[in-house]
$ cat protein-v6.cif   # mmCIF, C-alpha atoms
data_target
#
loop_
_atom_site.label_atom_id
_atom_site.label_comp_id
_atom_site.auth_asym_id
_atom_site.auth_seq_id
_atom_site.Cartn_x
_atom_site.Cartn_y
_atom_site.Cartn_z
CA MET P 491 160.66 -31.83 43.06
CA ALA P 492 160.37 -35.63 42.87
CA GLN P 493 159.02 -37.55 45.82
CA PRO P 494 161.74 -38.94 48.10
CA LEU P 495 162.38 -42.58 48.94
CA ALA P 496 161.24 -43.82 52.36
CA LEU P 497 164.13 -45.72 53.98
CA THR P 498 163.33 -47.88 57.00
CA SER P 499 165.63 -48.12 59.99
CA GLY P 500 165.82 -51.92 59.97
CA GLU P 501 167.23 -53.60 63.08
CA PRO P 502 168.65 -50.71 65.16
CA ALA P 503 171.50 -52.84 66.51
CA GLY P 504 172.58 -53.99 63.04
CA ILE P 505 174.47 -52.28 60.24
CA GLY P 506 171.42 -50.43 58.90
CA PRO P 507 172.41 -47.17 60.62
CA ASP P 508 176.03 -47.57 59.45
CA ILE P 509 175.21 -48.06 55.77
CA THR P 510 172.54 -45.34 55.86
CA LEU P 511 175.07 -42.82 57.14
CA ALA P 512 177.69 -43.99 54.65
CA ALA P 513 175.26 -43.75 51.73
CA TRP P 514 174.16 -40.22 52.65
CA LEU P 515 177.77 -39.07 52.96
CA ARG P 516 178.32 -40.20 49.35
CA ARG P 517 175.14 -38.56 48.04
CA ARG P 518 176.94 -35.92 45.93
CA GLU P 519 179.69 -38.21 44.66
CA LEU P 520 177.12 -40.79 43.52
CA ASP P 521 174.25 -38.40 42.71
CA LEU P 522 171.91 -40.41 44.93
CA PRO P 523 168.14 -39.84 44.84
CA PRO P 524 166.76 -38.01 47.89
CA PHE P 525 165.69 -40.30 50.73
CA TYR P 526 164.68 -39.96 54.35
CA LEU P 527 165.13 -42.36 57.23
CA LEU P 528 162.14 -43.41 59.31
CA GLY P 529 163.59 -43.85 62.76
CA ASP P 530 165.10 -42.35 65.87
CA ARG P 531 167.30 -39.31 65.27
CA ALA P 532 169.03 -39.59 68.65
CA ALA P 533 170.03 -43.22 68.03
CA LEU P 534 171.30 -42.38 64.56
CA ALA P 535 173.32 -39.44 65.87
CA GLU P 536 174.82 -41.68 68.55
CA ARG P 537 175.89 -44.19 65.89
CA ALA P 538 177.42 -41.43 63.76
CA LYS P 539 179.41 -40.24 66.77
CA ALA P 540 180.62 -43.78 67.53
CA LEU P 541 181.75 -44.15 63.91
CA GLY P 542 183.48 -40.75 63.90
CA LEU P 543 181.28 -39.48 61.06
CA ALA P 544 180.42 -35.80 60.65
CA VAL P 545 176.75 -35.97 59.68
CA GLU P 546 174.14 -33.25 59.95
CA PHE P 547 170.59 -34.36 60.70
CA ALA P 548 167.29 -32.68 59.91
CA GLU P 549 164.11 -33.81 61.64
CA VAL P 550 161.51 -33.30 58.93
CA ARG P 551 158.13 -34.30 57.54
CA ALA P 552 158.36 -36.64 54.58
CA GLU P 553 157.49 -33.95 52.06
CA GLU P 554 160.31 -31.74 53.38
CA ALA P 555 163.01 -34.38 52.84
CA PRO P 556 164.09 -33.46 49.29
CA ALA P 557 164.80 -29.85 50.24
CA ALA P 558 166.84 -30.92 53.28
CA PHE P 559 168.72 -33.80 51.65
CA ALA P 560 171.63 -31.83 50.24
CA ARG P 561 172.65 -30.32 53.60
CA ALA P 562 171.44 -32.91 56.13
CA LEU P 563 170.27 -36.49 56.46
CA PRO P 564 166.47 -36.19 56.72
CA VAL P 565 164.92 -38.16 59.58
CA VAL P 566 161.18 -38.66 60.03
CA THR P 567 160.47 -39.61 63.62
CA ILE P 568 158.29 -42.70 64.06
CA GLY P 569 157.63 -42.35 67.80
CA LYS P 570 159.49 -45.56 68.71
CA ALA P 571 162.81 -44.79 70.36
CA ALA P 572 165.60 -47.34 69.86
CA THR P 573 168.11 -47.92 72.66
CA ALA P 574 169.86 -51.00 71.24
CA GLN P 575 173.63 -50.77 71.02
CA PRO P 576 175.61 -52.07 68.02
CA GLY P 577 175.44 -55.85 67.89
CA LYS P 578 173.17 -56.02 70.93
CA PRO P 579 169.46 -55.91 70.09
CA ASP P 580 167.21 -55.15 73.02
CA GLY P 581 163.51 -54.82 73.82
CA THR P 582 163.13 -51.71 71.65
CA SER P 583 164.47 -53.34 68.49
CA ALA P 584 161.35 -55.09 67.21
CA ASP P 585 158.94 -52.22 67.88
CA ALA P 586 161.23 -49.70 66.22
CA ALA P 587 161.87 -51.89 63.16
CA LEU P 588 158.21 -52.76 62.57
CA ALA P 589 156.95 -49.21 63.15
CA SER P 590 159.43 -47.96 60.57
CA ILE P 591 158.20 -50.46 57.95
CA ARG P 592 154.55 -49.68 58.61
CA GLN P 593 155.14 -45.94 58.27
CA ALA P 594 157.15 -46.32 55.07
CA VAL P 595 154.32 -48.25 53.44
CA ALA P 596 151.80 -45.68 54.68
CA ASP P 597 153.91 -42.84 53.29
CA VAL P 598 154.01 -44.41 49.83
CA ALA P 599 150.28 -45.15 49.96
CA SER P 600 149.55 -41.52 50.81
CA GLY P 601 151.82 -40.17 48.08
CA LYS P 602 154.49 -38.74 50.40
CA ALA P 603 157.17 -41.10 49.10
CA SER P 604 157.80 -42.79 45.76
CA ALA P 605 159.07 -46.15 47.04
CA VAL P 606 159.99 -48.15 50.13
CA VAL P 607 163.63 -49.11 50.70
CA THR P 608 164.16 -51.38 53.70
CA ASN P 609 167.26 -51.79 55.82
CA PRO P 610 167.96 -55.33 57.09
CA ILE P 611 165.87 -56.78 59.93
CA ALA P 612 166.79 -59.56 62.37
CA LYS P 613 164.00 -62.09 62.08
CA ASN P 614 165.00 -63.94 65.24
CA VAL P 615 164.61 -60.69 67.19
CA LEU P 616 161.17 -60.10 65.65
CA TYR P 617 160.06 -63.68 66.29
CA ARG P 618 160.77 -63.28 70.01
CA ALA P 619 158.44 -60.27 69.94
CA GLY P 620 155.60 -62.26 68.32
CA PHE P 621 156.28 -61.55 64.63
CA ARG P 622 154.54 -64.32 62.67
CA HIS P 623 155.82 -63.79 59.14
CA PRO P 624 158.71 -65.63 57.46
CA GLY P 625 160.28 -62.31 56.52
CA HIS P 626 159.95 -58.80 55.10
CA THR P 627 158.31 -60.01 51.89
CA GLU P 628 155.29 -61.62 53.52
CA PHE P 629 154.84 -58.77 56.04
CA LEU P 630 154.81 -56.21 53.24
CA ALA P 631 152.13 -58.23 51.44
CA GLU P 632 149.96 -58.10 54.55
CA LEU P 633 150.44 -54.33 54.83
CA ALA P 634 149.53 -53.97 51.16
CA ALA P 635 146.28 -55.84 51.73
CA ARG P 636 144.79 -53.13 53.99
CA GLY P 637 142.28 -55.57 55.39
CA GLY P 638 141.49 -57.22 52.05
CA ALA P 639 143.09 -60.14 50.26
CA ALA P 640 146.88 -60.03 50.38
CA PRO P 641 148.63 -59.96 46.99
CA GLN P 642 151.10 -62.70 46.08
CA PRO P 643 154.53 -61.23 46.88
CA VAL P 644 157.39 -62.32 44.64
CA MET P 645 161.00 -61.97 45.75
CA MET P 646 163.44 -60.96 43.04
CA LEU P 647 167.18 -60.58 43.52
CA TRP P 648 168.40 -58.13 40.89
CA SER P 649 171.77 -56.95 39.71
CA PRO P 650 173.03 -55.58 36.38
CA ALA P 651 174.52 -59.01 35.68
CA LEU P 652 171.68 -61.29 36.77
CA ALA P 653 168.10 -61.27 38.04
CA VAL P 654 166.63 -64.30 39.78
CA VAL P 655 163.30 -65.21 41.38
CA PRO P 656 162.78 -68.18 43.72
CA VAL P 657 159.28 -69.60 43.24
CA THR P 658 159.29 -70.94 46.81
CA ILE P 659 161.03 -68.68 49.29
CA HIS P 660 161.75 -68.93 53.01
CA VAL P 661 160.88 -72.56 53.59
CA SER P 662 162.83 -75.78 54.01
CA VAL P 663 163.69 -77.82 50.93
CA ARG P 664 161.16 -80.44 52.08
CA ASP P 665 158.42 -77.79 52.30
CA ALA P 666 159.49 -76.27 48.99
CA LEU P 667 158.84 -79.61 47.30
CA ALA P 668 155.41 -79.76 48.90
CA GLN P 669 154.54 -76.18 47.88
CA LEU P 670 155.74 -76.32 44.29
CA THR P 671 152.87 -76.51 41.79
CA THR P 672 152.29 -75.62 38.17
CA ASP P 673 149.88 -72.88 39.24
CA LEU P 674 152.46 -71.34 41.60
CA ILE P 675 155.10 -71.25 38.87
CA VAL P 676 152.65 -69.68 36.41
CA SER P 677 151.33 -67.03 38.83
CA THR P 678 154.88 -66.13 39.89
CA ALA P 679 156.05 -65.82 36.29
CA ARG P 680 153.09 -63.63 35.33
CA ILE P 681 153.85 -61.24 38.20
CA VAL P 682 157.51 -61.11 37.18
CA VAL P 683 156.62 -60.31 33.57
CA ALA P 684 154.07 -57.65 34.55
CA ASP P 685 156.48 -55.85 36.87
CA MET P 686 159.43 -56.11 34.50
CA LYS P 687 157.27 -54.44 31.86
CA ALA P 688 155.80 -51.76 34.15
CA ARG P 689 158.77 -51.01 36.41
CA PHE P 690 161.89 -52.13 34.53
CA GLY P 691 160.88 -50.87 31.10
CA LEU P 692 161.21 -54.23 29.30
CA ALA P 693 158.69 -54.65 26.51
CA ALA P 694 158.98 -58.43 26.28
CA PRO P 695 160.84 -59.96 29.25
CA ARG P 696 162.56 -63.28 28.59
CA LEU P 697 162.30 -65.93 31.31
CA ALA P 698 164.59 -68.90 31.86
CA ILE P 699 162.83 -71.44 34.06
CA ALA P 700 165.02 -73.84 35.99
CA GLY P 701 164.21 -77.47 36.47
CA LEU P 702 163.81 -78.73 40.00
CA ASN P 703 165.95 -81.85 39.73
CA PRO P 704 169.55 -82.33 38.52
CA HIS P 705 169.71 -81.99 34.72
CA ALA P 706 166.02 -80.95 34.80
CA GLY P 707 165.10 -84.53 35.68
CA GLU P 708 166.69 -86.29 32.68
CA ASP P 709 163.26 -86.92 31.10
CA GLY P 710 161.92 -88.27 34.36
CA THR P 711 164.76 -90.62 35.26
CA LEU P 712 165.85 -88.28 38.07
CA GLY P 713 162.34 -87.40 39.23
CA MET P 714 159.03 -86.65 37.55
CA GLU P 715 158.53 -83.14 38.95
CA ASP P 716 160.04 -81.42 35.92
CA VAL P 717 157.81 -83.40 33.56
CA GLU P 718 154.63 -83.14 35.62
CA ILE P 719 154.94 -79.68 37.29
CA VAL P 720 157.52 -77.44 35.61
CA ALA P 721 157.10 -78.28 31.92
CA PRO P 722 153.30 -77.73 31.96
CA ALA P 723 153.87 -74.31 33.54
CA VAL P 724 156.25 -73.36 30.75
CA GLU P 725 153.69 -74.40 28.13
CA ILE P 726 150.97 -72.30 29.79
CA LEU P 727 153.27 -69.28 29.83
CA ARG P 728 154.12 -69.72 26.18
CA ARG P 729 150.43 -69.87 25.32
CA ASP P 730 150.12 -66.56 27.19
CA GLY P 731 152.65 -65.10 24.77
CA ILE P 732 155.42 -64.99 27.38
CA ALA P 733 158.96 -65.72 26.22
CA ALA P 734 159.66 -68.61 28.59
CA ARG P 735 162.14 -71.47 28.20
CA GLY P 736 162.46 -74.54 30.38
CA PRO P 737 162.71 -76.59 32.38
CA LEU P 738 166.45 -75.94 32.05
CA PRO P 739 169.29 -77.68 33.91
CA ALA P 740 170.15 -75.25 36.69
CA ASP P 741 173.84 -76.09 36.58
CA THR P 742 174.24 -74.57 33.10
CA MET P 743 171.99 -71.51 33.45
CA PHE P 744 174.25 -69.02 35.15
CA HIS P 745 177.53 -68.76 33.24
CA ALA P 746 178.15 -65.50 31.38
CA ALA P 747 177.00 -66.63 27.93
CA ALA P 748 173.80 -68.21 29.28
CA ARG P 749 172.87 -65.08 31.24
CA LYS P 750 172.76 -63.07 28.01
CA THR P 751 169.83 -65.17 26.75
CA TYR P 752 167.27 -64.15 29.40
CA ASP P 753 166.19 -61.23 31.57
CA CYS P 754 165.21 -63.21 34.66
CA ALA P 755 165.75 -66.76 35.89
CA LEU P 756 162.88 -68.42 37.74
CA CYS P 757 164.21 -70.98 40.19
CA MET P 758 162.28 -73.57 42.12
CA TYR P 759 163.68 -72.96 45.60
CA HIS P 760 165.61 -70.39 47.63
CA ASP P 761 169.22 -71.54 47.27
CA GLN P 762 168.86 -72.45 43.61
CA ALA P 763 168.29 -68.73 43.00
CA LEU P 764 170.38 -67.05 45.67
CA ILE P 765 173.62 -69.00 45.39
CA PRO P 766 174.28 -67.88 41.78
CA ILE P 767 173.41 -64.24 42.30
CA LYS P 768 175.41 -63.98 45.51
CA THR P 769 178.33 -65.51 43.64
CA VAL P 770 178.00 -63.21 40.63
CA ALA P 771 176.95 -59.97 42.40
CA PHE P 772 177.52 -60.26 46.14
CA GLU P 773 178.21 -56.55 46.72
CA ASP P 774 175.55 -54.95 44.54
CA ALA P 775 172.59 -57.32 44.39
CA VAL P 776 169.24 -55.84 45.41
CA ASN P 777 166.21 -57.57 46.91
CA VAL P 778 163.05 -56.41 45.10
CA THR P 779 159.50 -57.38 46.06
CA LEU P 780 157.28 -57.72 43.00
CA GLY P 781 153.51 -58.07 42.96
CA LEU P 782 152.84 -55.26 45.45
CA PRO P 783 150.97 -52.02 44.75
CA PHE P 784 154.13 -50.12 45.70
CA ILE P 785 157.85 -50.40 44.95
CA ARG P 786 160.07 -52.03 47.55
CA THR P 787 163.81 -52.68 47.36
CA SER P 788 166.34 -53.71 49.98
CA PRO P 789 170.02 -54.54 50.35
CA ASP P 790 170.69 -58.22 49.74
CA HIS P 791 172.34 -58.92 53.09
CA GLY P 792 171.53 -59.23 56.76
CA THR P 793 172.10 -57.21 59.91
CA ALA P 794 175.77 -58.26 60.33
CA PHE P 795 175.74 -57.79 64.11
CA ASP P 796 179.43 -58.73 64.27
CA ILE P 797 180.54 -55.59 62.41
CA ALA P 798 177.78 -53.14 63.44
CA GLY P 799 179.29 -49.93 64.73
CA THR P 800 182.82 -50.78 63.54
CA GLY P 801 182.87 -48.83 60.29
CA LYS P 802 183.46 -52.01 58.27
CA ALA P 803 179.98 -52.27 56.75
CA ASN P 804 179.86 -51.86 52.97
CA PRO P 805 176.99 -49.61 51.78
CA SER P 806 177.16 -50.81 48.15
CA SER P 807 174.01 -52.94 48.26
CA LEU P 808 171.98 -50.19 49.95
CA ILE P 809 173.22 -47.69 47.40
CA ALA P 810 172.18 -50.08 44.62
CA ALA P 811 168.77 -50.52 46.30
CA LEU P 812 168.24 -46.74 46.47
CA ARG P 813 169.22 -46.32 42.83
CA LEU P 814 166.99 -49.16 41.65
CA ALA P 815 164.00 -47.91 43.66
CA ALA P 816 164.34 -44.49 42.05
CA ARG P 817 164.68 -46.05 38.59
CA MET P 818 161.61 -48.20 39.09
CA ALA P 819 159.61 -45.24 40.41
CA ALA P 820 160.57 -43.16 37.36
CA ALA P 821 159.59 -46.00 35.00
CA SER P 822 156.21 -46.32 36.73
CA CYS P 823 155.26 -42.68 36.23
#

$ encode --input "protein-v6.cif" --output "C-alpha cells"
Amino acid sequence: MAQPLALTSGEPAGIGPDITLAAWLRRRELDLPPFYLLGDRAALAERAKALGLAVEFAEVRAEEAPAAFARALPVVTIGKAATAQPGKPDGTSADAALASIRQAVADVASGKASAVVTNPIAKNVLYRAGFRHPGHTEFLAELAARGGAAPQPVMMLWSPALAVVPVTIHVSVRDALAQLTTDLIVSTARIVVADMKARFGLAAPRLAIAGLNPHAGEDGTLGMEDVEIVAPAVEILRRDGIAARGPLPADTMFHAAARKTYDCALCMYHDQALIPIKTVAFEDAVNVTLGLPFIRTSPDHGTAFDIAGTGKANPSSLIAALRLAARMAAASC
C-alpha cells in the first residue's frame, strides 16, 4: 500500500479543519489519495459537530492511515491540543500549527509519508508567538536543512491552466527591486526546471520569463533592469540548454494563446505572478514549494477566519493540493 500524505492542521481557528473534513467526506466520489491529519482529534471532532458533519475518526500511527482511510479520517496526535474556536485564534494556535508542520516534515523524512500537504496558517498569529519567517516556504526550508545549509525554496503556484513562480516572494515591491539579481533569476529557474523534470514528468520544461518593467522596459527607456538583470539571466539559461524566453512584457503573457507556449512563467515579484493565476484558477490553484528534499503542496488561500465554522469554505484547492502531491510523489518514485 502506498505511503499516505501528511496533512497539517494549519491554523486551528481557520478553515483548515472545515476543508479537511469536507475533502475526506468526498474521498470515494473523487478517489482521493489516502491522507492523515496531524492535529488534535478532539478539536476536529468538535468542528465536525458544529458543522453538522457525520465523520468517523481514527487515532492512528502514520503507517496505519491508509488502512483506516476508507472508514474513518485518520488523525495522528501531535501532543499539542488546540482550544481555539472558529475565527478566534488563541494561545494554543501557534504551537499547534507549528508542531503539526514539524511532524509532517519528520514523517516524510523518515519514510512514513510520501509528501507534506499544509493547511493555511495565520502568519500574524505566528508572529505574535515569535515566529521569525516570512511564511510557510521559508520555515520549510529551515526544517529541510536539519542543521546544515538551508536549500533555496521556490514558490510555485500551479493549476492545469497556468503555473507561475515569483522570483522574489513575500517582500515589499521596494525590497523586491533590491533583491532581484541575475543570479537569483538563474538559480530559481534551474530549480524550477529540475523539479518539473523530476516531479512533474516534463522532459524539457519551457519557461517564459517576465520583464520587471512595463513592456519589459522598452529597450531601457522604461528602466534598465530588464536589459541589465533579466536578459543576462535568460542568456545564461539558454546556454544551459534550458528552453527560456524573455524578458517578456508581463501584460501579454497570460492570455489563453500565450499560456500554451510555456510550462511555467517566472515573474519578478509576488503580485506579477499571483494576480494572473488567481484570476485564471482561483478555486483550484495549488501552492507548491520546489527546491526541497521533499514534496510540499498547499491550498492557495488563507485561513478565512470570517467563514471558519460556517460550512461555507470551499475545499477545492485542498483537494487539488492532495491530488497534486500524490501525482508528484508517484512521478518521483

$ residues_around --input "protein-v6.cif" --residues "Val607 (chain P)" --least-positions-apart "4" --cutoff "8 Å" --atoms "only C-alpha atoms" --output "MDAnalysis selection string"
chainID P and resid 495:498 786:788 811:812 815

$ write_last_selection --input "protein-v6.cif" --atoms "C-alpha atoms" --output "mmCIF file, keeping the file's coordinate frame"
data_model
loop_
_atom_site.group_PDB
_atom_site.id
_atom_site.type_symbol
_atom_site.label_atom_id
_atom_site.label_comp_id
_atom_site.auth_asym_id
_atom_site.auth_seq_id
_atom_site.Cartn_x
_atom_site.Cartn_y
_atom_site.Cartn_z
ATOM 1 C CA LEU P 495 162.380 -42.580 48.940
ATOM 2 C CA ALA P 496 161.240 -43.820 52.360
ATOM 3 C CA LEU P 497 164.130 -45.720 53.980
ATOM 4 C CA THR P 498 163.330 -47.880 57.000
ATOM 5 C CA ARG P 786 160.070 -52.030 47.550
ATOM 6 C CA THR P 787 163.810 -52.680 47.360
ATOM 7 C CA SER P 788 166.340 -53.710 49.980
ATOM 8 C CA ALA P 811 168.770 -50.520 46.300
ATOM 9 C CA LEU P 812 168.240 -46.740 46.470
ATOM 10 C CA ALA P 815 164.000 -47.910 43.660
#

$ closest_residue --input "protein-v6.cif" --among "P:Leu670, P:Ala533, P:Ile809, P:Ala574" --to "Glu519 (chain P)" --atoms "only C-alpha atoms"
P:Ile809

$ resolve_selection --input "protein-v6.cif" --expression "the PyMOL selection byres ((chain P and resi 568) around 12)" --output "MDAnalysis selection string"
chainID P and resid 498:499 526:531 549:552 565:567 569:572 585:594 596:597

$ residues_near_point --input "protein-v6.cif" --point "(164.7, -65.4, 30.0)" --cutoff "10 Å" --atoms "only C-alpha atoms" --output "list of chain:residue names"
P:Ala653, P:Ala694, P:Pro695, P:Arg696, P:Leu697, P:Ala698, P:Ile699, P:Ile732, P:Ala733, P:Ala734, P:Arg735, P:Gly736, P:Ala748, P:Arg749, P:Lys750, P:Thr751, P:Tyr752, P:Asp753, P:Cys754, P:Ala755, P:Leu756

$ closest_residue --input "protein-v6.cif" --among "P:Pro739, P:Pro556, P:Pro722, P:Pro704" --to "Ile675 (chain P)" --atoms "only C-alpha atoms"
P:Pro722

$ resolve_selection --input "protein-v6.cif" --expression "the PyMOL selection byres ((chain P and resi 795) around 9)" --output "number ranges by chain"
P: 503-505, 576-579, 792-794, 796-799

$ resolve_selection --input "protein-v6.cif" --expression "the PyMOL selection byres ((chain P and resi 545) around 8)" --output "JSON list (two decimals) with C-alpha atoms, in the frame of the given file"
[["chain", "number", "residue", "atom", "x", "y", "z"],
["P", 511, "LEU", "CA", 175.07, -42.82, 57.14],
["P", 515, "LEU", "CA", 177.77, -39.07, 52.96],
["P", 535, "ALA", "CA", 173.32, -39.44, 65.87],
["P", 538, "ALA", "CA", 177.42, -41.43, 63.76],
["P", 543, "LEU", "CA", 181.28, -39.48, 61.06],
["P", 544, "ALA", "CA", 180.42, -35.80, 60.65],
["P", 546, "GLU", "CA", 174.14, -33.25, 59.95],
["P", 547, "PHE", "CA", 170.59, -34.36, 60.70],
["P", 562, "ALA", "CA", 171.44, -32.91, 56.13],
["P", 563, "LEU", "CA", 170.27, -36.49, 56.46]]

$ residues_around --input "protein-v6.cif" --residues "Ala634 (chain P)" --least-positions-apart "2" --cutoff "9 Å" --atoms "all atoms listed in the file" --output "PyMOL selection string"
chain P and resi 595+599+629-632+636-641+782-784

$ closest_residue --input "protein-v6.cif" --among "P:Leu541, P:Ile509, P:Leu647, P:Leu616" --to "Val770 (chain P)" --atoms "all atoms listed in the file"
P:Leu647

$ residues_around --input "protein-v6.cif" --residues "Arg516 (chain P)" --least-positions-apart "2" --cutoff "12 Å" --atoms "only C-alpha atoms" --output "PDB file with C-alpha atoms, in the frame of the given file"
ATOM      1  CA  ILE P 509     175.210 -48.060  55.770  1.00  0.00           C
ATOM      2  CA  THR P 510     172.540 -45.340  55.860  1.00  0.00           C
ATOM      3  CA  LEU P 511     175.070 -42.820  57.140  1.00  0.00           C
ATOM      4  CA  ALA P 512     177.690 -43.990  54.650  1.00  0.00           C
ATOM      5  CA  ALA P 513     175.260 -43.750  51.730  1.00  0.00           C
ATOM      6  CA  TRP P 514     174.160 -40.220  52.650  1.00  0.00           C
ATOM      7  CA  ARG P 518     176.940 -35.920  45.930  1.00  0.00           C
ATOM      8  CA  GLU P 519     179.690 -38.210  44.660  1.00  0.00           C
ATOM      9  CA  LEU P 520     177.120 -40.790  43.520  1.00  0.00           C
ATOM     10  CA  ASP P 521     174.250 -38.400  42.710  1.00  0.00           C
ATOM     11  CA  LEU P 522     171.910 -40.410  44.930  1.00  0.00           C
ATOM     12  CA  PRO P 523     168.140 -39.840  44.840  1.00  0.00           C
ATOM     13  CA  PRO P 524     166.760 -38.010  47.890  1.00  0.00           C
ATOM     14  CA  VAL P 545     176.750 -35.970  59.680  1.00  0.00           C
ATOM     15  CA  PHE P 559     168.720 -33.800  51.650  1.00  0.00           C
ATOM     16  CA  ALA P 560     171.630 -31.830  50.240  1.00  0.00           C
ATOM     17  CA  LEU P 563     170.270 -36.490  56.460  1.00  0.00           C
ATOM     18  CA  PRO P 805     176.990 -49.610  51.780  1.00  0.00           C
ATOM     19  CA  SER P 806     177.160 -50.810  48.150  1.00  0.00           C
ATOM     20  CA  LEU P 808     171.980 -50.190  49.950  1.00  0.00           C
ATOM     21  CA  ILE P 809     173.220 -47.690  47.400  1.00  0.00           C
TER      22      ILE P 809
END

$ closest_residue --input "protein-v6.cif" --among "P:Ala635, P:Leu674, P:Ala775, P:Leu534" --to "Val720 (chain P)" --atoms "all atoms listed in the file"
P:Leu674

$ decode --input "protein-v6.cif" --residues "region 620-672 of chain P" --atoms "C-alpha atoms" --output "PDB file, in the first residue's frame"
ATOM      1  CA  GLY P 620       7.853  34.704  17.991  1.00  0.00           C
ATOM      2  CA  PHE P 621       7.772  33.114  14.514  1.00  0.00           C
ATOM      3  CA  ARG P 622      10.552  34.781  12.507  1.00  0.00           C
ATOM      4  CA  HIS P 623       9.917  33.526   8.981  1.00  0.00           C
ATOM      5  CA  PRO P 624       8.024  35.367   6.220  1.00  0.00           C
ATOM      6  CA  GLY P 625       5.844  32.304   5.685  1.00  0.00           C
ATOM      7  CA  HIS P 626       5.498  28.549   5.247  1.00  0.00           C
ATOM      8  CA  THR P 627       8.010  28.419   2.408  1.00  0.00           C
ATOM      9  CA  GLU P 628      10.956  29.770   4.366  1.00  0.00           C
ATOM     10  CA  PHE P 629      10.107  27.741   7.500  1.00  0.00           C
ATOM     11  CA  LEU P 630      10.019  24.533   5.471  1.00  0.00           C
ATOM     12  CA  ALA P 631      13.445  25.350   4.036  1.00  0.00           C
ATOM     13  CA  GLU P 632      14.828  25.678   7.564  1.00  0.00           C
ATOM     14  CA  LEU P 633      13.301  22.330   8.556  1.00  0.00           C
ATOM     15  CA  ALA P 634      14.799  20.750   5.449  1.00  0.00           C
ATOM     16  CA  ALA P 635      18.254  21.999   6.418  1.00  0.00           C
ATOM     17  CA  ARG P 636      18.470  19.813   9.553  1.00  0.00           C
ATOM     18  CA  GLY P 637      21.210  21.975  10.969  1.00  0.00           C
ATOM     19  CA  GLY P 638      23.065  22.395   7.678  1.00  0.00           C
ATOM     20  CA  ALA P 639      22.707  24.938   4.902  1.00  0.00           C
ATOM     21  CA  ALA P 640      19.088  25.646   4.026  1.00  0.00           C
ATOM     22  CA  PRO P 641      18.107  24.966   0.407  1.00  0.00           C
ATOM     23  CA  GLN P 642      16.703  27.774  -1.731  1.00  0.00           C
ATOM     24  CA  PRO P 643      12.918  27.336  -1.563  1.00  0.00           C
ATOM     25  CA  VAL P 644      10.961  28.298  -4.664  1.00  0.00           C
ATOM     26  CA  MET P 645       7.251  29.033  -4.511  1.00  0.00           C
ATOM     27  CA  MET P 646       5.223  27.806  -7.460  1.00  0.00           C
ATOM     28  CA  LEU P 647       1.503  28.356  -7.922  1.00  0.00           C
ATOM     29  CA  TRP P 648       0.228  25.560 -10.149  1.00  0.00           C
ATOM     30  CA  SER P 649      -3.032  24.803 -11.880  1.00  0.00           C
ATOM     31  CA  PRO P 650      -3.910  22.823 -15.008  1.00  0.00           C
ATOM     32  CA  ALA P 651      -4.251  26.141 -16.855  1.00  0.00           C
ATOM     33  CA  LEU P 652      -1.186  28.005 -15.599  1.00  0.00           C
ATOM     34  CA  ALA P 653       1.924  27.611 -13.451  1.00  0.00           C
ATOM     35  CA  VAL P 654       3.778  30.649 -12.138  1.00  0.00           C
ATOM     36  CA  VAL P 655       6.837  31.272  -9.960  1.00  0.00           C
ATOM     37  CA  PRO P 656       7.650  34.619  -8.317  1.00  0.00           C
ATOM     38  CA  VAL P 657      11.426  35.086  -8.161  1.00  0.00           C
ATOM     39  CA  THR P 658      11.058  37.370  -5.130  1.00  0.00           C
ATOM     40  CA  ILE P 659       8.311  36.332  -2.753  1.00  0.00           C
ATOM     41  CA  HIS P 660       6.949  37.789   0.481  1.00  0.00           C
ATOM     42  CA  VAL P 661       8.634  41.173   0.421  1.00  0.00           C
ATOM     43  CA  SER P 662       7.572  44.703  -0.448  1.00  0.00           C
ATOM     44  CA  VAL P 663       7.930  45.903  -4.026  1.00  0.00           C
ATOM     45  CA  ARG P 664      10.786  48.160  -2.875  1.00  0.00           C
ATOM     46  CA  ASP P 665      12.611  45.190  -1.334  1.00  0.00           C
ATOM     47  CA  ALA P 666      11.860  43.025  -4.367  1.00  0.00           C
ATOM     48  CA  LEU P 667      13.715  45.528  -6.548  1.00  0.00           C
ATOM     49  CA  ALA P 668      16.661  45.432  -4.170  1.00  0.00           C
ATOM     50  CA  GLN P 669      16.729  41.606  -4.066  1.00  0.00           C
ATOM     51  CA  LEU P 670      16.359  40.945  -7.781  1.00  0.00           C
ATOM     52  CA  THR P 671      19.611  39.814  -9.400  1.00  0.00           C
ATOM     53  CA  THR P 672      20.652  37.824 -12.426  1.00  0.00           C
TER      54      THR P 672
END
